[in-house]
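Visitor: Sharing a structure here in structure tokens format.
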Amino acid sequence: MTNFISVQLKKASEVDLAKPLCKFIQQSYPGAEAQAEHCRAAEELSRLRKSALGRPLDKHESALETLLRYYDQLCSVEPKFPFSENQVCVTFTWKDAFDKGSLFGGSAKLALASLGYEKTCVLFNCGALASQIAAEQNLDNDEGLKAAAKHYQFASGAFQHIKDTVLSALNREPTVDISPDTVGTLSLIMLAQAQEVFFLKATRDKMKDGIIAKLANQAADYYGDAYKQCQYKDTLPKEVFPVLAAKHCIMQANAEYHQSILAKQQKKFGEEIGRLQHAADLVKTVASRYDEYINVKDLVDKINRALAAAKKDNDFIYHDRVPDLKDLESIGKASLVKSTPVVVPLSQKFTDLFEKMVPLQVQQSVSVYNQRKADLVNRSIAQMREATNLANGVLASLNLPAAIEDVSGDTVPQSILNKSKSVIEQGGIQTVDQLIKDLPELLQRNKEILDESLRLLDEEEATDNDLRTKFKERWQRTPSNELYKPLRAEGANYHNILNKAMQADGQVKERYQTHRDTIALLCKPEAELNAAIPSANPAKTLQGNEVVNVLRTLLASLDEVKKEREQLENDLKSVNFDMTSKFLTALAQDGAINEEAISVTELDRIYGSYTQKVQESLKKQEEILKNIQNAHQDFSKMKQSNNESNLREEVLKNLAVANDNFVELVANLKEGTKFYNELTEILLKFQNKCSDIIFARKTERDELLKDLQQSIAREPSAPSIPLPTYQTTPAAGSKPAASPAPTPAPRTMVGTKPQPPARPPPPVISAASSSSSALAPSGTAAAPAAAPAPTPGASAPAASTAPSQAQGPPYPTYPGYPGYCQMPMPMGYNPYMYGQYNLPYAPSPVYQTPGQPPYPPPQQPGYPFPQQPYYQQ
């Protein structure tokens, strides 16, 4: 009998996993310590891949263990990194295990930016190596038999798992070796061989012949099914088919032989002879058809001896009638094997390199939770700040507290002096002028970065469209216009942000021009400021009035409310709660995360008391302002009514308003400057995304062009290369060379090697002729003139400077794909208009799933800048 069938390993191209994974880690994990730890794990994963796939593997348990560890790590990182063509892009290139290649090019291969493809190919190699290890076992002892059975069943399970998952893992047509039909057949072959091992063990252990017959019959059934699955398909190596057919006959013959022994024991001598005759016919078929693949001489001799003895005894003693084959009872079947299911981890020595990294689904949930939290906190802070601005505006319109401090009528009120001092300390009018001057330069820098990024996309897309038009259906890769849709949407979003920022800049400049003169007046020394304020008759008689006392009490209460708000705002910002453990628990218990339900419950528990205090503060201020307005009406009636007093009060009001506008303008301009600077960093990252994907697309394009050139060169329609004269003209006295016969099927031949043709007379050979004749296989006649050859233009494709496989920096991350990590935009309180909810509470990046928009932030009418991160003062 022959050796068992084993499967060849697929060959993989070299890939650097560390670089794209580290880049994603650096973008997604802010902590330096976490980054360093995760990057070390990524480098270890890359080394593990090189150890598992970058060298020939011995047919040994340790080599299989390395493959299993790498497969387990792939399963571990899959939920933690967004591997795809558009995000963490790593292009894996694998060759077809059964493709022998051709004269003009390499074997069939497939390159995909899919971790599922890598897992499938690695699992294929696990099954293939397990089959090779099983085939190397010594089947003369129990240890070898047990090891072989275990590995064959594991290989069967691995191939069955690929059959069930390959189409969903690749989302495109796989190579032949990992197609569902091929791996399904391989799974059945491995199962048949495992059953045969159990038959051999039962025979070695001298179990009952009835049991052995059933085991052999089941193995024959498995082999027959495997042969039926592949006999009309050109997927597996040619030598597999005769082996399967021979094994089917051999196992059936063994079943008949052992069943004949059982018949003899039951004194059914005619049945014994009938079964032995059928067994003899089966092994005779094997010996005549498949002798070059399987040696059945020993089995033939054993069956023939038993048949001769049975016939002799029956002829001389029993004279039992020999039944026809169709009248014999069918032999039962007993299966002792099953495909080992693929349950991760497969390796007994598995240690998760990324154990401390949470799954991507948890990262997404935490990110959305942080966005919800940021919206809630920003909304509360915005309500308080808007109320404070409203209170300041009301007091400025009533000239409070300056009106009740203006006792002399010819000196600057203390509140105005305090405002003037504050403006001067902040740089006064020069500060505003410089900030306004810097904005256009920052805006222009951002516009140039964005325009350059989109220009790169336009150029690559135009190149892709040209090649698609040229090669048509041969150009099999994702069109650039589809791949760049998320990037272009992101670029359009940045354009809108810049346009709104320009509008906001105009609003700031317009407000500044309106209040510039009054702000400049506040910057004057006290003497000049006093001279610019009209004098009025003294109002000393009002100072001891009850109305003035009420106003002062109300103003003090309002100041207290403002201070409470500042503390409440700090408290809201300082609250922090890590939801990772909550989401991990939910994922472990339910297998999924209901982020909205969990987040809403936790936010209500954590922030419920704070939001209640905010509403109480707003209501308290509303009552105080109402009382202030009523008291001020009484105060105004008591004041002397003359033109000088009214004019003085109007100027004091304008100075108070100018101070408020100065504070807002400086805050606006600083916020705008900070926004532009942070947007520059974001746009530079966007530009890097564009550069990375264009680099990867260029490398993929060069690789595809190279494959297309080789494919065109292999086409049979290519014109033939003229042969040198000495190869077409027979030498003097020699016969013309006969045309080559068709290549026979693989067969073990014993004989002499074919002799080379007579040496021709030495010709004058050109360089081109020499290169042509060098393609003829050694030890054979010269190639015929009609041999297919590549077209002159495609025979020697230009050497490409690109790497041998499409491997480059990882693709950037886009919305609309699993594990989408949106670039965090700068956040901040809207300094330009009241009523906005953009506050300095920075949300984390937002992840989203396909078809689901990111969690929408509250609408910000009129506020052009994204929110800025909050920094502790």
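By convention here, the chains of the structure tokens are called A, B, ... in the order presented, each chain's residues are numbered starting at 1, and ligands are numbered starting at 1 in the order presented.
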If DSSP is run on the backbone, what residues of stretch 63-263 of chain A are helix (DSSP H, G or I)? A reply as a PyMOL selection string would be ideal.

Guide: chain A and resi 63-77+115-135+142-170+176-178+180-204+209-230+240-263

Visitor: List the spatial neighbours of A:Lys201 as a ChimeraX atom specification - criterion: any atom at most 8 Å away, only C-alpha atoms, same-chain residues fewer than 3 positions off excluded.

Guide: /A:142,145,197-198,204-205

Visitor: Can you write out the residues you just picked, keeping N, CA and C atoms, as a PDB file, in the first residue's frame?

Guide:
```
ATOM      1  N   ASP A 142       1.298   2.101  18.321  1.00  0.00           N
ATOM      2  CA  ASP A 142       0.084   2.796  18.732  1.00  0.00           C
ATOM      3  C   ASP A 142       0.260   4.303  18.754  1.00  0.00           C
ATOM      4  N   LEU A 145      -0.096   5.632  15.244  1.00  0.00           N
ATOM      5  CA  LEU A 145      -1.482   5.532  14.784  1.00  0.00           C
ATOM      6  C   LEU A 145      -2.356   6.611  15.427  1.00  0.00           C
ATOM      7  N   VAL A 197      -6.825   4.906   9.246  1.00  0.00           N
ATOM      8  CA  VAL A 197      -5.896   4.692  10.359  1.00  0.00           C
ATOM      9  C   VAL A 197      -6.562   3.870  11.457  1.00  0.00           C
ATOM     10  N   PHE A 198      -7.821   4.152  11.735  1.00  0.00           N
ATOM     11  CA  PHE A 198      -8.528   3.362  12.739  1.00  0.00           C
ATOM     12  C   PHE A 198      -8.717   1.914  12.262  1.00  0.00           C
ATOM     13  N   ARG A 204      -4.411  -4.246  13.587  1.00  0.00           N
ATOM     14  CA  ARG A 204      -3.215  -4.521  14.392  1.00  0.00           C
ATOM     15  C   ARG A 204      -3.595  -5.068  15.757  1.00  0.00           C
ATOM     16  N   ASP A 205      -4.690  -4.591  16.323  1.00  0.00           N
ATOM     17  CA  ASP A 205      -5.140  -5.057  17.629  1.00  0.00           C
ATOM     18  C   ASP A 205      -5.938  -6.363  17.550  1.00  0.00           C
TER      19      ASP A 205
END
```

Visitor: Using only C-alpha atoms, which of the listed residues (A:Val663, A:Ile261, A:Leu708, A:Leu625) sits closest to A:Lys472?

Guide: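 Under the stated criterion, the closest residue is A:Leu708.
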
Visitor: Could you pull the residues within 9 Å of A:Gln195, counting only C-alpha atoms, minus those fewer than 5 positions along the same chain, as a ChimeraX atom specification?

Guide: /A:149,190,200,215-216,218-219,222,335-338

Visitor: Go through A:Asp702, A:Asp313, A:Asp590, A:Asp164 one by one, measure the shortest atom-to-atom distance of each to A:Leu467 using only C-alpha atoms, and give the residue with the smallest value.

Guide: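 Of A:Asp702, A:Asp313, A:Asp590, A:Asp164, the one nearest A:Leu467 is A:Asp702, counting only C-alpha atoms.
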
Visitor: Nearest residue to A:Leu360 out of A:Val657, A:Val547, A:Cys121, A:Leu587, using only C-alpha atoms?

Guide: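 Of A:Val657, A:Val547, A:Cys121, A:Leu587, the one nearest A:Leu360, counting only C-alpha atoms, is A:Leu587.
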
Visitor: Which stretch 310-383 of chain A residues have any atom within 8 Å of an atom of stretch 64-86 of chain A, and for each, what is the nearest pair of atoms with distance in Å to one decimal, counting only C-alpha atoms, rows sorted by chain and number, as CSV?

Guide:
```
residue,atom,partner,partner_atom,distance
A:Val344,CA,A:Asp72,CA,6.2
A:Pro345,CA,A:Asp72,CA,5.4
A:Leu346,CA,A:Leu68,CA,5.9
A:Ser347,CA,A:Leu68,CA,5.3
A:Lys349,CA,A:Arg69,CA,7.3
A:Phe350,CA,A:Arg69,CA,5.8
A:Asp352,CA,A:Gln73,CA,6.5
A:Leu353,CA,A:Gln73,CA,7.3
A:Phe354,CA,A:Val77,CA,7.0
A:Met357,CA,A:Lys80,CA,7.1
A:Val358,CA,A:Lys80,CA,6.5
A:Pro359,CA,A:Lys80,CA,4.4
A:Leu360,CA,A:Lys80,CA,4.5
A:Gln361,CA,A:Pro79,CA,7.2
```

Visitor: Go through A:His632, A:Lys613, A:Lys214, A:Lys437 and flag the residue nearest A:Ile381, using only C-alpha atoms for the distances.

Guide: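 Using only C-alpha atoms, the shortest distance to A:Ile381 belongs to A:Lys613.
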
Visitor: Just to confirm, what's the straight-line distance from atom CA of A:Leu521 to atom CA of A:Ile436 in Å (one decimal)?

Guide: 19.5 Å

Visitor: Rounded to one decimal, what separation in Å do you get between atom CA of A:Leu551 and atom CA of A:Asn399?

Guide: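 These two atoms are separated by 12.0 Å.
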